[in-house]
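run05.txt (compact mmCIF, N, CA and C atoms)
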# COMPACT_ATOMS: atom_id res chain seq x y z
N MET A 1 -1.38 51.13 6.67
CA MET A 1 -2.72 50.59 6.55
C MET A 1 -2.94 49.56 7.67
N MET A 2 -4.08 49.63 8.32
CA MET A 2 -4.41 48.70 9.40
C MET A 2 -5.37 47.64 8.88
N TRP A 3 -5.15 46.42 9.38
CA TRP A 3 -6.05 45.34 9.02
C TRP A 3 -7.27 45.40 9.92
N ASN A 4 -8.43 45.25 9.30
CA ASN A 4 -9.67 45.29 10.05
C ASN A 4 -10.32 43.91 9.98
N PHE A 5 -10.30 43.17 11.09
CA PHE A 5 -10.89 41.85 11.14
C PHE A 5 -12.20 41.84 11.91
N SER A 6 -12.81 42.95 12.08
CA SER A 6 -14.03 43.01 12.88
C SER A 6 -15.19 42.30 12.19
N ASN A 7 -15.16 42.17 10.87
CA ASN A 7 -16.24 41.48 10.15
C ASN A 7 -16.07 39.97 10.19
N ASN A 8 -14.89 39.49 10.56
CA ASN A 8 -14.62 38.06 10.62
C ASN A 8 -15.13 37.53 11.96
N PRO A 9 -16.05 36.57 11.97
CA PRO A 9 -16.59 36.07 13.22
C PRO A 9 -15.55 35.38 14.10
N MET A 10 -14.45 34.90 13.51
CA MET A 10 -13.42 34.23 14.30
C MET A 10 -12.34 35.20 14.75
N GLY A 11 -12.36 36.41 14.28
CA GLY A 11 -11.38 37.41 14.68
C GLY A 11 -9.98 37.00 14.27
N TRP A 12 -9.03 37.19 15.14
CA TRP A 12 -7.64 36.85 14.85
C TRP A 12 -7.40 35.35 14.80
N PHE A 13 -8.25 34.57 15.44
CA PHE A 13 -8.07 33.12 15.45
C PHE A 13 -8.09 32.56 14.04
N GLY A 14 -9.03 32.98 13.24
CA GLY A 14 -9.14 32.50 11.87
C GLY A 14 -7.94 32.89 11.03
N PHE A 15 -7.39 34.05 11.29
CA PHE A 15 -6.25 34.52 10.50
C PHE A 15 -4.96 33.85 10.95
N GLY A 16 -4.81 33.66 12.24
CA GLY A 16 -3.56 33.16 12.77
C GLY A 16 -3.41 31.65 12.71
N PHE A 17 -4.49 30.91 12.87
CA PHE A 17 -4.39 29.46 12.97
C PHE A 17 -5.07 28.72 11.82
N GLY A 18 -5.69 29.41 10.94
CA GLY A 18 -6.36 28.76 9.81
C GLY A 18 -5.40 27.97 8.94
N TRP A 19 -4.21 28.48 8.73
CA TRP A 19 -3.23 27.78 7.90
C TRP A 19 -2.76 26.49 8.54
N ILE A 20 -2.74 26.43 9.87
CA ILE A 20 -2.35 25.20 10.56
C ILE A 20 -3.38 24.10 10.30
N PHE A 21 -4.65 24.46 10.38
CA PHE A 21 -5.69 23.48 10.12
C PHE A 21 -5.69 23.03 8.66
N MET A 22 -5.36 23.94 7.76
CA MET A 22 -5.28 23.57 6.34
C MET A 22 -4.14 22.59 6.11
N ILE A 23 -2.99 22.82 6.75
CA ILE A 23 -1.86 21.91 6.62
C ILE A 23 -2.21 20.55 7.22
N LEU A 24 -2.87 20.54 8.37
CA LEU A 24 -3.29 19.28 8.98
C LEU A 24 -4.28 18.53 8.08
N PHE A 25 -5.20 19.25 7.50
CA PHE A 25 -6.18 18.64 6.61
C PHE A 25 -5.50 17.97 5.43
N TRP A 26 -4.64 18.69 4.74
CA TRP A 26 -3.96 18.13 3.56
C TRP A 26 -2.97 17.05 3.96
N GLY A 27 -2.36 17.19 5.13
CA GLY A 27 -1.47 16.14 5.63
C GLY A 27 -2.22 14.84 5.85
N LEU A 28 -3.42 14.93 6.41
CA LEU A 28 -4.23 13.73 6.61
C LEU A 28 -4.66 13.12 5.27
N ILE A 29 -4.97 13.94 4.30
CA ILE A 29 -5.34 13.43 2.98
C ILE A 29 -4.16 12.68 2.36
N VAL A 30 -2.98 13.26 2.40
CA VAL A 30 -1.79 12.62 1.82
C VAL A 30 -1.46 11.34 2.59
N TRP A 31 -1.52 11.38 3.92
CA TRP A 31 -1.26 10.20 4.73
C TRP A 31 -2.25 9.08 4.38
N GLY A 32 -3.52 9.43 4.23
CA GLY A 32 -4.53 8.43 3.87
C GLY A 32 -4.25 7.79 2.52
N LEU A 33 -3.82 8.59 1.56
CA LEU A 33 -3.49 8.04 0.24
C LEU A 33 -2.30 7.09 0.32
N ILE A 34 -1.29 7.45 1.10
CA ILE A 34 -0.12 6.59 1.25
C ILE A 34 -0.50 5.27 1.89
N VAL A 35 -1.31 5.32 2.95
CA VAL A 35 -1.75 4.10 3.62
C VAL A 35 -2.56 3.23 2.67
N PHE A 36 -3.42 3.84 1.89
CA PHE A 36 -4.25 3.09 0.93
C PHE A 36 -3.38 2.42 -0.13
N ILE A 37 -2.40 3.14 -0.66
CA ILE A 37 -1.52 2.57 -1.70
C ILE A 37 -0.70 1.42 -1.13
N ARG A 38 -0.21 1.55 0.08
CA ARG A 38 0.54 0.46 0.71
C ARG A 38 -0.36 -0.75 0.92
N TRP A 39 -1.60 -0.53 1.32
CA TRP A 39 -2.53 -1.62 1.56
C TRP A 39 -2.81 -2.37 0.26
N ILE A 40 -3.00 -1.62 -0.83
CA ILE A 40 -3.22 -2.24 -2.13
C ILE A 40 -2.00 -3.07 -2.52
N GLY A 41 -0.80 -2.55 -2.29
CA GLY A 41 0.42 -3.27 -2.63
C GLY A 41 0.57 -4.56 -1.84
N LYS A 42 0.16 -4.55 -0.59
CA LYS A 42 0.28 -5.74 0.25
C LYS A 42 -0.72 -6.82 -0.13
N GLN A 43 -1.80 -6.45 -0.78
CA GLN A 43 -2.79 -7.45 -1.19
C GLN A 43 -2.17 -8.42 -2.19
N GLY A 44 -1.37 -7.92 -3.12
CA GLY A 44 -0.72 -8.77 -4.10
C GLY A 44 0.33 -9.66 -3.48
N GLU A 45 1.04 -9.18 -2.46
CA GLU A 45 2.07 -9.97 -1.79
C GLU A 45 1.48 -11.17 -1.07
N ARG A 46 0.33 -11.00 -0.48
CA ARG A 46 -0.28 -12.10 0.27
C ARG A 46 -0.59 -13.28 -0.63
N GLU A 47 -1.01 -13.03 -1.85
CA GLU A 47 -1.32 -14.11 -2.77
C GLU A 47 -0.07 -14.90 -3.12
N ASP A 48 1.04 -14.22 -3.33
CA ASP A 48 2.28 -14.88 -3.69
C ASP A 48 2.83 -15.71 -2.53
N LYS A 49 2.73 -15.20 -1.32
CA LYS A 49 3.28 -15.89 -0.16
C LYS A 49 2.45 -17.11 0.22
N SER A 50 1.19 -17.13 -0.15
CA SER A 50 0.33 -18.22 0.25
C SER A 50 0.65 -19.49 -0.54
N ARG A 51 1.27 -19.37 -1.69
CA ARG A 51 1.63 -20.53 -2.50
C ARG A 51 3.04 -20.97 -2.14
N SER A 52 3.19 -22.25 -1.83
CA SER A 52 4.51 -22.76 -1.51
C SER A 52 5.27 -23.07 -2.79
N VAL A 53 6.57 -23.26 -2.65
CA VAL A 53 7.41 -23.56 -3.80
C VAL A 53 7.01 -24.90 -4.41
N LEU A 54 6.66 -25.85 -3.58
CA LEU A 54 6.26 -27.16 -4.06
C LEU A 54 4.96 -27.08 -4.86
N GLU A 55 4.03 -26.25 -4.42
CA GLU A 55 2.79 -26.06 -5.17
C GLU A 55 3.06 -25.48 -6.55
N ILE A 56 3.98 -24.53 -6.62
CA ILE A 56 4.33 -23.92 -7.90
C ILE A 56 4.96 -24.97 -8.81
N LEU A 57 5.83 -25.81 -8.24
CA LEU A 57 6.47 -26.88 -9.01
C LEU A 57 5.42 -27.86 -9.54
N LYS A 58 4.48 -28.24 -8.68
CA LYS A 58 3.41 -29.14 -9.12
C LYS A 58 2.57 -28.51 -10.23
N GLU A 59 2.32 -27.22 -10.10
CA GLU A 59 1.54 -26.51 -11.12
C GLU A 59 2.28 -26.49 -12.46
N ARG A 60 3.59 -26.26 -12.44
CA ARG A 60 4.38 -26.25 -13.67
C ARG A 60 4.37 -27.64 -14.31
N TYR A 61 4.45 -28.69 -13.50
CA TYR A 61 4.40 -30.06 -14.02
C TYR A 61 3.03 -30.35 -14.64
N ALA A 62 1.98 -29.90 -13.97
CA ALA A 62 0.63 -30.12 -14.48
C ALA A 62 0.39 -29.39 -15.81
N LYS A 63 1.00 -28.23 -15.97
CA LYS A 63 0.84 -27.47 -17.21
C LYS A 63 1.70 -28.03 -18.34
N GLY A 64 2.63 -28.90 -17.98
CA GLY A 64 3.49 -29.48 -19.01
C GLY A 64 4.74 -28.66 -19.28
N GLU A 65 5.03 -27.71 -18.42
CA GLU A 65 6.23 -26.88 -18.61
C GLU A 65 7.50 -27.67 -18.32
N ILE A 66 7.41 -28.65 -17.42
CA ILE A 66 8.56 -29.50 -17.10
C ILE A 66 8.11 -30.95 -17.19
N ASN A 67 9.05 -31.85 -17.46
CA ASN A 67 8.69 -33.27 -17.55
C ASN A 67 8.86 -33.94 -16.19
N LYS A 68 8.56 -35.25 -16.13
CA LYS A 68 8.57 -35.99 -14.86
C LYS A 68 9.97 -36.02 -14.25
N GLU A 69 10.98 -36.20 -15.06
CA GLU A 69 12.35 -36.26 -14.54
C GLU A 69 12.74 -34.93 -13.90
N GLU A 70 12.44 -33.83 -14.59
CA GLU A 70 12.74 -32.51 -14.04
C GLU A 70 11.97 -32.28 -12.74
N PHE A 71 10.70 -32.69 -12.75
CA PHE A 71 9.87 -32.53 -11.56
C PHE A 71 10.49 -33.26 -10.36
N GLU A 72 10.88 -34.52 -10.57
CA GLU A 72 11.45 -35.31 -9.48
C GLU A 72 12.78 -34.73 -9.00
N GLU A 73 13.60 -34.25 -9.94
CA GLU A 73 14.89 -33.62 -9.58
C GLU A 73 14.68 -32.41 -8.70
N LYS A 74 13.81 -31.53 -9.17
CA LYS A 74 13.57 -30.27 -8.46
C LYS A 74 12.90 -30.54 -7.11
N LYS A 75 12.02 -31.52 -7.08
CA LYS A 75 11.34 -31.86 -5.85
C LYS A 75 12.37 -32.36 -4.82
N LYS A 76 13.31 -33.20 -5.27
CA LYS A 76 14.34 -33.70 -4.38
C LYS A 76 15.22 -32.57 -3.86
N ASP A 77 15.53 -31.60 -4.73
CA ASP A 77 16.34 -30.44 -4.33
C ASP A 77 15.62 -29.61 -3.26
N LEU A 78 14.31 -29.47 -3.41
CA LEU A 78 13.55 -28.64 -2.48
C LEU A 78 13.37 -29.32 -1.13
N LEU A 79 13.17 -30.63 -1.16
CA LEU A 79 12.91 -31.35 0.10
C LEU A 79 14.18 -31.92 0.60
What is this structure when it is put down as structure tokens?
Amino acid sequence: MMWNFSNNPMGWFGFGFGWIFMILFWGLIVWGLIVFIRWIGKQGEREDKSRSVLEILKERYAKGEINKEEFEEKKKDLL
């Protein structure tokens, strides 16, 4: 049996290279999702890095989680 591609406007090009474009298309979709997920993950990291250890210690003292003696001890250890 012979294949007849005369009705296809792209001829053999569509048959031979169409799968390459499909792989490229889906590859770009997957790559875009990976980049987006990494970007979302880095957003949370930036918030944590922006706070210094001393700020966290001051916040714990302000909330009453640690007393003044503990605060001064830990502050001395950090500085």
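The interatomic distance for the pair CA of Trp26 in chain A and CA of Lys42 in chain A works out to 24.5 Å.
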Do you have the CA of Asp77 in chain A-atom N of Glu55 in chain A distance handy?
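Atom N of Glu55 in chain A lies at a distance of 13.0 Å from CA of Asp77 in chain A.
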The residues within 12 Å of (13.1, -30.2, -8.1), using only C-alpha atoms and the coordinates of the file, should be reported as a list in words; which are they?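 Neighbouring residues, ordered by chain and number, come to Val53, Leu54, Glu55, Ile56, Leu57, Lys58, Arg60, Tyr61, Ile66, Asn67, Lys68, Glu69, Glu70, Phe71, Glu72, Glu73, Lys74, Lys75, Lys76, Asp77, Leu78 and Leu79 of chain A.
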note - CA of Trp39 in chain A and CA of Phe25 in chain A are separated by 21.2 Å
